[in-house]
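Peer 1: The structure file structure24.tsv (TSV, C-alpha atoms) is provided below.
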```
chain	number	residue	atom	x	y	z
A	1437	MET	CA	0.19	-12.12	-11.88
A	1438	PRO	CA	-0.38	-14.25	-8.77
A	1439	SER	CA	0.01	-12.71	-5.36
A	1440	GLU	CA	3.04	-13.45	-3.23
A	1441	SER	CA	3.36	-13.57	0.54
A	1442	ALA	CA	6.07	-12.70	3.01
A	1443	THR	CA	5.81	-14.26	6.44
A	1444	GLY	CA	6.78	-11.84	9.15
A	1445	THR	CA	6.93	-11.33	12.86
A	1446	ARG	CA	5.02	-8.09	13.05
A	1447	THR	CA	3.29	-7.95	16.42
A	1448	ARG	CA	-0.43	-8.51	16.21
A	1449	ARG	CA	-2.86	-6.72	18.43
A	1450	SER	CA	-4.72	-8.82	20.94
A	1451	ALA	CA	-8.41	-9.54	20.49
A	1452	LEU	CA	-9.30	-7.16	23.29
A	1453	SER	CA	-7.19	-4.32	21.90
A	1454	LEU	CA	-8.92	-4.69	18.57
A	1455	LEU	CA	-12.18	-4.01	20.37
A	1456	GLY	CA	-10.86	-0.83	21.94
A	1457	THR	CA	-10.25	0.28	25.50
A	1458	GLY	CA	-13.61	-0.97	26.61
A	1459	GLY	CA	-12.46	-4.59	26.33
A	1460	LEU	CA	-15.10	-7.09	27.28
A	1461	GLY	CA	-17.52	-4.35	28.18
A	1462	LEU	CA	-17.44	-3.04	24.62
A	1463	LEU	CA	-17.77	-6.58	23.32
A	1464	SER	CA	-20.91	-7.25	25.33
A	1465	GLY	CA	-22.35	-3.85	24.44
A	1466	SER	CA	-21.67	-4.29	20.75
A	1467	PHE	CA	-23.64	-7.49	20.69
A	1468	ALA	CA	-26.54	-5.96	22.60
A	1469	GLY	CA	-28.73	-6.31	19.55
A	1470	SER	CA	-30.31	-4.38	16.72
A	1471	ALA	CA	-33.83	-3.10	16.23
A	1472	SER	CA	-34.78	-6.53	14.91
A	1473	GLY	CA	-33.51	-8.18	18.08
A	1474	GLU	CA	-30.61	-9.90	16.32
A	1475	PRO	CA	-27.12	-9.63	17.85
A	1476	ARG	CA	-24.96	-7.07	16.07
A	1477	ALA	CA	-21.27	-7.67	15.54
A	1478	PRO	CA	-18.92	-4.80	16.44
A	1479	ASP	CA	-17.34	-2.75	13.70
A	1480	ARG	CA	-13.82	-3.75	12.67
A	1481	GLU	CA	-11.15	-1.08	12.96
A	1482	LEU	CA	-8.62	-0.83	10.13
A	1483	THR	CA	-5.76	1.56	9.39
A	1484	ALA	CA	-5.14	2.16	5.68
A	1485	MET	CA	-2.43	4.12	3.90
A	1486	SER	CA	-1.78	5.55	0.44
A	1487	TYR	CA	1.86	6.29	-0.31
A	1488	ASN	CA	3.70	7.27	-3.49
A	1489	ILE	CA	7.18	6.10	-2.48
A	1490	TYR	CA	9.07	7.55	-5.48
A	1491	HIS	CA	11.01	4.28	-5.78
A	1492	GLY	CA	12.39	4.70	-2.27
A	1493	THR	CA	14.13	8.01	-2.94
A	1494	GLY	CA	13.56	10.85	-0.50
A	1495	SER	CA	13.32	14.59	-1.02
A	1496	ASP	CA	17.02	14.67	-0.16
A	1497	GLY	CA	17.75	12.64	-3.29
A	1498	GLN	CA	18.94	9.63	-1.29
A	1499	LEU	CA	17.74	6.09	-2.03
A	1500	ASP	CA	16.74	4.58	1.33
A	1501	LEU	CA	14.08	1.86	1.17
A	1502	GLU	CA	14.56	1.10	4.85
A	1503	ARG	CA	13.47	4.67	5.60
A	1504	THR	CA	10.35	4.06	3.49
A	1505	ALA	CA	9.62	0.91	5.50
A	1506	ARG	CA	10.07	2.82	8.75
A	1507	VAL	CA	7.46	5.41	7.74
A	1508	ILE	CA	4.98	2.65	6.97
A	1509	ARG	CA	5.69	0.76	10.19
A	1510	GLU	CA	5.40	3.83	12.41
A	1511	SER	CA	2.06	4.76	10.83
A	1512	GLY	CA	0.47	1.55	12.10
A	1513	ALA	CA	-1.03	0.89	8.67
A	1514	GLU	CA	-2.44	-2.61	8.21
A	1515	ILE	CA	-3.08	-2.27	4.49
A	1516	VAL	CA	-1.13	-0.01	2.15
A	1517	GLY	CA	-1.38	1.04	-1.48
A	1518	LEU	CA	2.02	2.02	-2.92
A	1519	GLN	CA	2.77	3.85	-6.15
A	1520	GLU	CA	6.06	4.19	-8.08
A	1521	VAL	CA	7.51	0.85	-7.04
A	1522	ASP	CA	10.56	-0.60	-8.82
A	1523	VAL	CA	11.15	-4.32	-9.24
A	1524	HIS	CA	14.59	-4.96	-10.79
A	1525	TRP	CA	13.94	-1.75	-12.73
A	1526	SER	CA	17.28	0.09	-12.93
A	1527	ASP	CA	20.31	1.30	-11.05
A	1528	ARG	CA	18.24	4.15	-9.57
A	1529	SER	CA	16.90	1.52	-7.13
A	1530	ASP	CA	19.90	-0.85	-7.30
A	1531	PHE	CA	17.83	-3.29	-9.41
A	1532	ARG	CA	16.14	-4.49	-6.20
A	1533	ASP	CA	12.68	-6.01	-5.87
A	1534	GLN	CA	11.22	-3.22	-3.76
A	1535	ALA	CA	7.79	-4.81	-3.30
A	1536	LYS	CA	9.26	-8.03	-1.93
A	1537	LEU	CA	11.81	-6.25	0.25
A	1538	LEU	CA	9.24	-3.95	1.84
A	1539	ALA	CA	6.92	-6.87	2.52
A	1540	LYS	CA	9.73	-8.89	4.09
A	1541	THR	CA	10.95	-5.98	6.20
A	1542	LEU	CA	7.45	-5.24	7.49
A	1543	GLY	CA	6.30	-8.86	7.83
A	1544	MET	CA	3.35	-8.27	5.50
A	1545	ASN	CA	1.77	-10.04	2.56
A	1546	TYR	CA	2.03	-8.31	-0.80
A	1547	PHE	CA	0.86	-8.13	-4.38
A	1548	PHE	CA	2.81	-6.33	-7.07
A	1549	ALA	CA	1.00	-4.97	-10.14
A	1550	PRO	CA	3.39	-3.87	-12.90
A	1551	ILE	CA	2.48	-1.14	-15.35
A	1552	TYR	CA	5.58	-1.79	-17.43
A	1553	GLU	CA	7.56	-4.99	-18.03
A	1554	LEU	CA	10.77	-4.67	-20.04
A	1555	ASP	CA	13.60	-6.99	-20.98
A	1556	PRO	CA	16.51	-7.14	-18.52
A	1557	PRO	CA	19.67	-5.12	-19.21
A	1558	GLU	CA	21.55	-8.35	-19.84
A	1559	SER	CA	20.76	-12.01	-20.35
A	1560	GLY	CA	20.07	-14.07	-17.26
A	1561	ARG	CA	18.83	-11.18	-15.12
A	1562	PRO	CA	15.19	-10.67	-14.02
A	1563	ARG	CA	12.80	-8.68	-16.17
A	1564	ARG	CA	12.51	-5.00	-15.35
A	1565	GLU	CA	9.16	-3.99	-13.83
A	1566	TYR	CA	7.63	-0.77	-12.55
A	1567	GLY	CA	4.19	-0.22	-11.06
A	1568	LEU	CA	2.13	-0.39	-7.88
A	1569	ALA	CA	2.09	-2.69	-4.88
A	1570	VAL	CA	-0.27	-3.51	-2.05
A	1571	LEU	CA	0.93	-4.55	1.41
A	1572	SER	CA	-1.44	-6.28	3.81
A	1573	GLU	CA	-1.23	-7.68	7.31
A	1574	TYR	CA	-4.09	-9.96	6.30
A	1575	PRO	CA	-3.74	-12.94	3.97
A	1576	ILE	CA	-4.55	-12.02	0.39
A	1577	GLN	CA	-7.48	-14.14	-0.74
A	1578	HIS	CA	-7.70	-12.83	-4.30
A	1579	SER	CA	-5.52	-10.51	-6.37
A	1580	GLU	CA	-5.79	-9.10	-9.87
A	1581	ASN	CA	-3.92	-6.55	-11.96
A	1582	HIS	CA	-6.61	-4.73	-13.92
A	1583	GLU	CA	-6.05	-2.63	-17.04
A	1584	ILE	CA	-6.97	1.03	-17.37
A	1585	THR	CA	-6.11	3.67	-19.97
A	1586	ARG	CA	-2.47	4.73	-20.01
A	1587	LEU	CA	-0.45	7.27	-21.99
A	1588	SER	CA	3.28	6.67	-22.03
A	1589	PRO	CA	6.14	6.66	-24.55
A	1590	LEU	CA	6.84	3.12	-23.35
A	1591	LEU	CA	3.43	2.06	-24.68
A	1592	GLY	CA	3.07	4.17	-27.81
A	1593	PRO	CA	1.97	7.63	-28.98
A	1594	GLU	CA	-1.75	7.18	-28.20
A	1595	PRO	CA	-3.62	6.29	-25.00
A	1596	GLN	CA	-4.17	2.57	-24.70
A	1597	SER	CA	-5.27	-0.02	-22.18
A	1598	ALA	CA	-2.48	-1.22	-19.92
A	1599	PRO	CA	-2.17	-2.88	-16.49
A	1600	GLY	CA	-1.33	-1.27	-13.20
A	1601	PHE	CA	-4.63	-1.08	-11.28
A	1602	PRO	CA	-4.27	-3.69	-8.51
A	1603	GLU	CA	-7.14	-5.20	-6.58
A	1604	ILE	CA	-6.83	-7.45	-3.56
A	1605	ASN	CA	-9.47	-9.02	-1.35
A	1606	VAL	CA	-8.80	-9.71	2.33
A	1607	ASN	CA	-10.81	-10.79	5.34
A	1608	VAL	CA	-10.48	-8.27	8.18
A	1609	ARG	CA	-11.58	-10.20	11.26
A	1610	GLY	CA	-14.74	-11.45	9.60
A	1611	VAL	CA	-15.34	-8.59	7.12
A	1612	ASN	CA	-14.52	-9.19	3.46
A	1613	LEU	CA	-12.81	-6.07	2.09
A	1614	SER	CA	-12.03	-5.12	-1.52
A	1615	PHE	CA	-8.95	-2.87	-1.78
A	1616	TYR	CA	-7.75	-1.06	-4.91
A	1617	ALA	CA	-4.70	1.14	-5.49
A	1618	THR	CA	-4.20	3.50	-8.39
A	1619	HIS	CA	-1.86	6.04	-9.95
A	1620	LEU	CA	-3.45	8.40	-12.47
A	1621	ASP	CA	-1.76	10.31	-15.27
A	1622	TYR	CA	0.35	13.29	-14.20
A	1623	ARG	CA	-0.04	15.48	-17.29
A	1624	GLY	CA	-1.77	18.83	-17.25
A	1625	ASP	CA	-4.35	17.68	-19.80
A	1626	PRO	CA	-7.10	16.00	-17.71
A	1627	ALA	CA	-8.48	13.91	-20.61
A	1628	VAL	CA	-6.48	10.79	-19.78
A	1629	ARG	CA	-7.34	11.01	-16.07
A	1630	GLU	CA	-11.01	11.28	-16.98
A	1631	MET	CA	-10.74	8.11	-19.05
A	1632	GLN	CA	-8.91	6.40	-16.19
A	1633	VAL	CA	-11.63	7.32	-13.71
A	1634	ASP	CA	-14.26	5.89	-16.04
A	1635	ASP	CA	-12.21	2.72	-16.44
A	1636	MET	CA	-11.80	2.29	-12.69
A	1637	LEU	CA	-15.48	2.77	-11.98
A	1638	GLU	CA	-16.31	0.06	-14.50
A	1639	ILE	CA	-14.04	-2.30	-12.58
A	1640	VAL	CA	-14.77	-1.32	-8.99
A	1641	ASP	CA	-18.05	-2.60	-7.66
A	1642	ALA	CA	-18.59	-0.67	-4.44
A	1643	ASP	CA	-21.88	-2.52	-3.95
A	1644	ARG	CA	-19.90	-5.73	-3.50
A	1645	GLY	CA	-19.28	-4.78	0.11
A	1646	PRO	CA	-16.80	-2.62	2.05
A	1647	THR	CA	-14.37	-1.16	-0.50
A	1648	LEU	CA	-11.32	1.12	-0.39
A	1649	LEU	CA	-9.68	2.92	-3.29
A	1650	VAL	CA	-6.40	4.65	-2.51
A	1651	GLY	CA	-3.80	6.34	-4.64
A	1652	ASP	CA	-2.07	9.26	-6.27
A	1653	LEU	CA	-4.77	10.83	-8.46
A	1654	ASN	CA	-2.52	13.67	-9.68
A	1655	ALA	CA	-5.41	16.12	-9.37
A	1656	PRO	CA	-7.03	18.12	-6.55
A	1657	PRO	CA	-10.42	17.03	-5.21
A	1658	GLY	CA	-12.27	19.75	-7.13
A	1659	ALA	CA	-10.88	18.70	-10.51
A	1660	PRO	CA	-13.74	17.99	-12.96
A	1661	GLU	CA	-12.15	14.74	-14.14
A	1662	LEU	CA	-12.49	13.30	-10.62
A	1663	SER	CA	-16.13	14.25	-10.13
A	1664	ALA	CA	-17.52	10.81	-11.03
A	1665	LEU	CA	-15.56	9.28	-8.15
A	1666	TRP	CA	-17.52	11.27	-5.59
A	1667	ASP	CA	-20.75	9.63	-6.76
A	1668	GLU	CA	-19.39	6.26	-5.58
A	1669	PHE	CA	-16.88	7.03	-2.84
A	1670	ASP	CA	-16.37	9.25	0.18
A	1671	ASP	CA	-13.12	11.18	0.46
A	1672	ALA	CA	-11.77	10.26	3.91
A	1673	TRP	CA	-10.03	13.61	4.26
A	1674	ASP	CA	-13.16	15.65	3.60
A	1675	VAL	CA	-15.11	13.62	6.14
A	1676	GLN	CA	-12.83	14.59	9.00
A	1677	ASN	CA	-10.87	17.72	8.10
A	1678	GLU	CA	-11.22	21.34	7.13
A	1679	ASP	CA	-7.46	21.75	6.61
A	1680	PRO	CA	-6.23	21.44	3.01
A	1681	GLY	CA	-4.31	18.20	3.62
A	1682	TYR	CA	-1.61	18.93	1.06
A	1683	THR	CA	0.61	15.98	0.15
A	1684	PHE	CA	2.91	17.20	-2.64
A	1685	PRO	CA	5.71	18.17	-2.87
A	1686	ALA	CA	6.81	16.70	0.45
A	1687	GLU	CA	9.20	19.51	1.46
A	1688	ASN	CA	6.62	22.26	1.13
A	1689	PRO	CA	3.32	20.73	-0.01
A	1690	THR	CA	0.92	22.90	-1.99
A	1691	LYS	CA	-1.40	20.25	-3.51
A	1692	ARG	CA	-3.65	17.47	-2.26
A	1693	ILE	CA	-3.30	14.71	-4.84
A	1694	ASP	CA	-3.04	11.58	-2.63
A	1695	TYR	CA	-6.23	10.00	-1.30
A	1696	VAL	CA	-7.97	7.35	0.75
A	1697	LEU	CA	-11.49	6.83	-0.61
A	1698	THR	CA	-14.11	4.67	1.06
A	1699	SER	CA	-17.38	3.08	0.04
A	1700	PRO	CA	-20.41	4.52	1.90
A	1701	THR	CA	-20.60	1.75	4.53
A	1702	VAL	CA	-17.02	2.39	5.71
A	1703	ALA	CA	-16.70	5.10	8.38
A	1704	THR	CA	-13.66	7.37	8.74
A	1705	ASP	CA	-12.61	7.79	12.38
A	1706	SER	CA	-9.54	9.92	11.74
A	1707	VAL	CA	-7.12	10.75	8.92
A	1708	GLU	CA	-3.74	12.47	8.72
A	1709	VAL	CA	-1.00	13.41	6.30
A	1710	VAL	CA	2.31	12.14	7.67
A	1711	GLU	CA	5.08	14.74	7.67
A	1712	THR	CA	8.07	12.94	6.18
A	1713	LEU	CA	10.70	13.51	3.51
A	1714	ALA	CA	11.19	9.81	2.72
A	1715	SER	CA	9.60	10.44	-0.72
A	1716	ASP	CA	8.58	13.42	-2.81
A	1717	HIS	CA	5.00	12.75	-1.60
A	1718	ARG	CA	3.63	12.65	1.92
A	1719	PRO	CA	1.51	9.59	2.74
A	1720	VAL	CA	-2.13	9.68	3.83
A	1721	VAL	CA	-3.17	7.43	6.73
A	1722	ALA	CA	-6.81	6.85	7.69
A	1723	LYS	CA	-8.27	5.00	10.65
A	1724	LEU	CA	-11.49	3.41	9.47
A	1725	SER	CA	-14.38	1.33	10.77
A	1726	LEU	CA	-15.66	-1.54	8.65
A	1727	PRO	CA	-19.34	-2.25	9.32
A	1728	GLY	CA	-20.13	-5.03	11.77
A	1729	SER	CA	-23.20	-5.75	9.67
A	1730	ALA	CA	-20.84	-7.15	7.02
A	1731	VAL	CA	-19.27	-9.72	9.35
A	1732	GLY	CA	-19.70	-13.20	7.95
A	1733	ARG	CA	-21.00	-12.12	4.56
A	1734	ARG	CA	-19.43	-14.02	1.71
A	1735	SER	CA	-17.38	-12.19	-0.85
A	1736	SER	CA	-18.60	-12.18	-4.43
A	1737	ARG	CA	-15.15	-13.57	-5.24
A	1738	GLU	CA	-15.94	-16.77	-3.31
```
Just give me the structure of the file as structure tokens.
Peer 2:
Amino acid sequence: MPSESATGTRTRRSALSLLGTGGLGLLSGSFAGSASGEPRAPDRELTAMSYNIYHGTGSDGQLDLERTARVIRESGAEIVGLQEVDVHWSDRSDFRDQAKLLAKTLGMNYFFAPIYELDPPESGRPRREYGLAVLSEYPIQHSENHEITRLSPLLGPEPQSAPGFPEINVNVRGVNLSFYATHLDYRGDPAVREMQVDDMLEIVDADRGPTLLVGDLNAPPGAPELSALWDEFDDAWDVQNEDPGYTFPAENPTKRIDYVLTSPTVATDSVEVVETLASDHRPVVAKLSLPGSAVGRRSSRE
């Protein structure tokens, strides 16, 4: 499915603010040079979020997509991976296109990656879709809805390959970034999640350059089925925190199942779990630094 864009008026930070409080002094210092004598570009700061929005319904049982948008806006996130997004799905979300509406409200570009596509409830209405979405302040240069293993009564009795693993590529002030969002199986049996992790790692090429993988993994960090991920990615929460970082359920969280994962060249400056009841999950927001050494490098997608 091709990506779509929503033009917005979201205020952009000035060039100096992007470089931090040091302004021109930081700029001149950052280009002071490397051991080889070559000028070194400054790192690029980026705020990323993972958020299972529960189709815009809060812990109070109320559908309020504007409240969801407000949580995202107030976080300062520039790129967001969303799970449980409805697009004309059912009356639980008023048959609205939630991906498009959130993008328009926030003035961001977006890509929607359906897991399921069903016939409309009546002729002449849009097809019903449910899946994941990515929001980005940066223009989306490439987008793709990859397939991974799924187990669902909507697909059949056995696990099978199905879409719903979105990838986008954006240029963050000179750094080409690959961004993936995921939602793994919720069942107690970890076998499907293990297959999904294997599928994702076959798709994600962290050696391509700076890469983020965010999502609801439906398992704690010590779960054996997630172990292969830690060979390729850093867990942003573990880098910066000793607290448990629980994200679910939102009212009284007892599990950490929502993540921001980074490739080794991406540094985590800070990370937090946002206390909100706008969904049954709490979102994770990480402030990251993309390596200045990657500035100007061409993407393998080009």
Peer 1: Using all atoms listed in the file, which residues sit within 7 Å of region 1600-1605 of chain A once same-chain residues fewer than 5 positions away are excluded, as a PyMOL selection string?
Peer 2: chain A and resi 1549-1551+1567-1568+1576-1584+1612-1618
Peer 1: Between A:Gly1681, A:Pro1478, A:Pro1575, A:Pro1626, which is the closest to Pro1660 (chain A) once you count only C-alpha atoms?
Peer 2: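 When distances to Pro1660 (chain A) are compared using only C-alpha atoms, the smallest one comes from A:Pro1626.
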Peer 1: Fewer than 6 positions away in the same chain doesn't count, so skip those; otherwise give me all residues within 9 Å of region 1511-1522 of chain A, counting only C-alpha atoms, as a ChimeraX atom specification.
Peer 2: /A:1482-1492,1529,1531-1535,1544,1548,1550,1564-1574,1602,1615-1619,1649-1652,1710,1721-1723
Peer 1: Determine the nearest neighbour of Ser1706 (chain A) from the options A:Asp1671, A:Glu1553, A:Asp1625, A:Glu1687, counting all atoms listed in the file.
Peer 2: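 With all atoms listed in the file as the atom set, the closest residue is A:Asp1671.
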Peer 1: Which residue is closest to Ala1686 (chain A)? Choose from A:Ala1672, A:Ala1703, A:Val1523, A:Val1720 and count all atoms listed in the file.
Peer 2: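 Residue with the minimum atom-to-atom distance to Ala1686 (chain A): A:Val1720.
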Peer 1: Find the residue from A:Lys1691, A:Arg1629, A:Arg1561, A:His1717 that sits nearest to Ser1663 (chain A); use all atoms listed in the file when measuring.
Peer 2: A:Arg1629
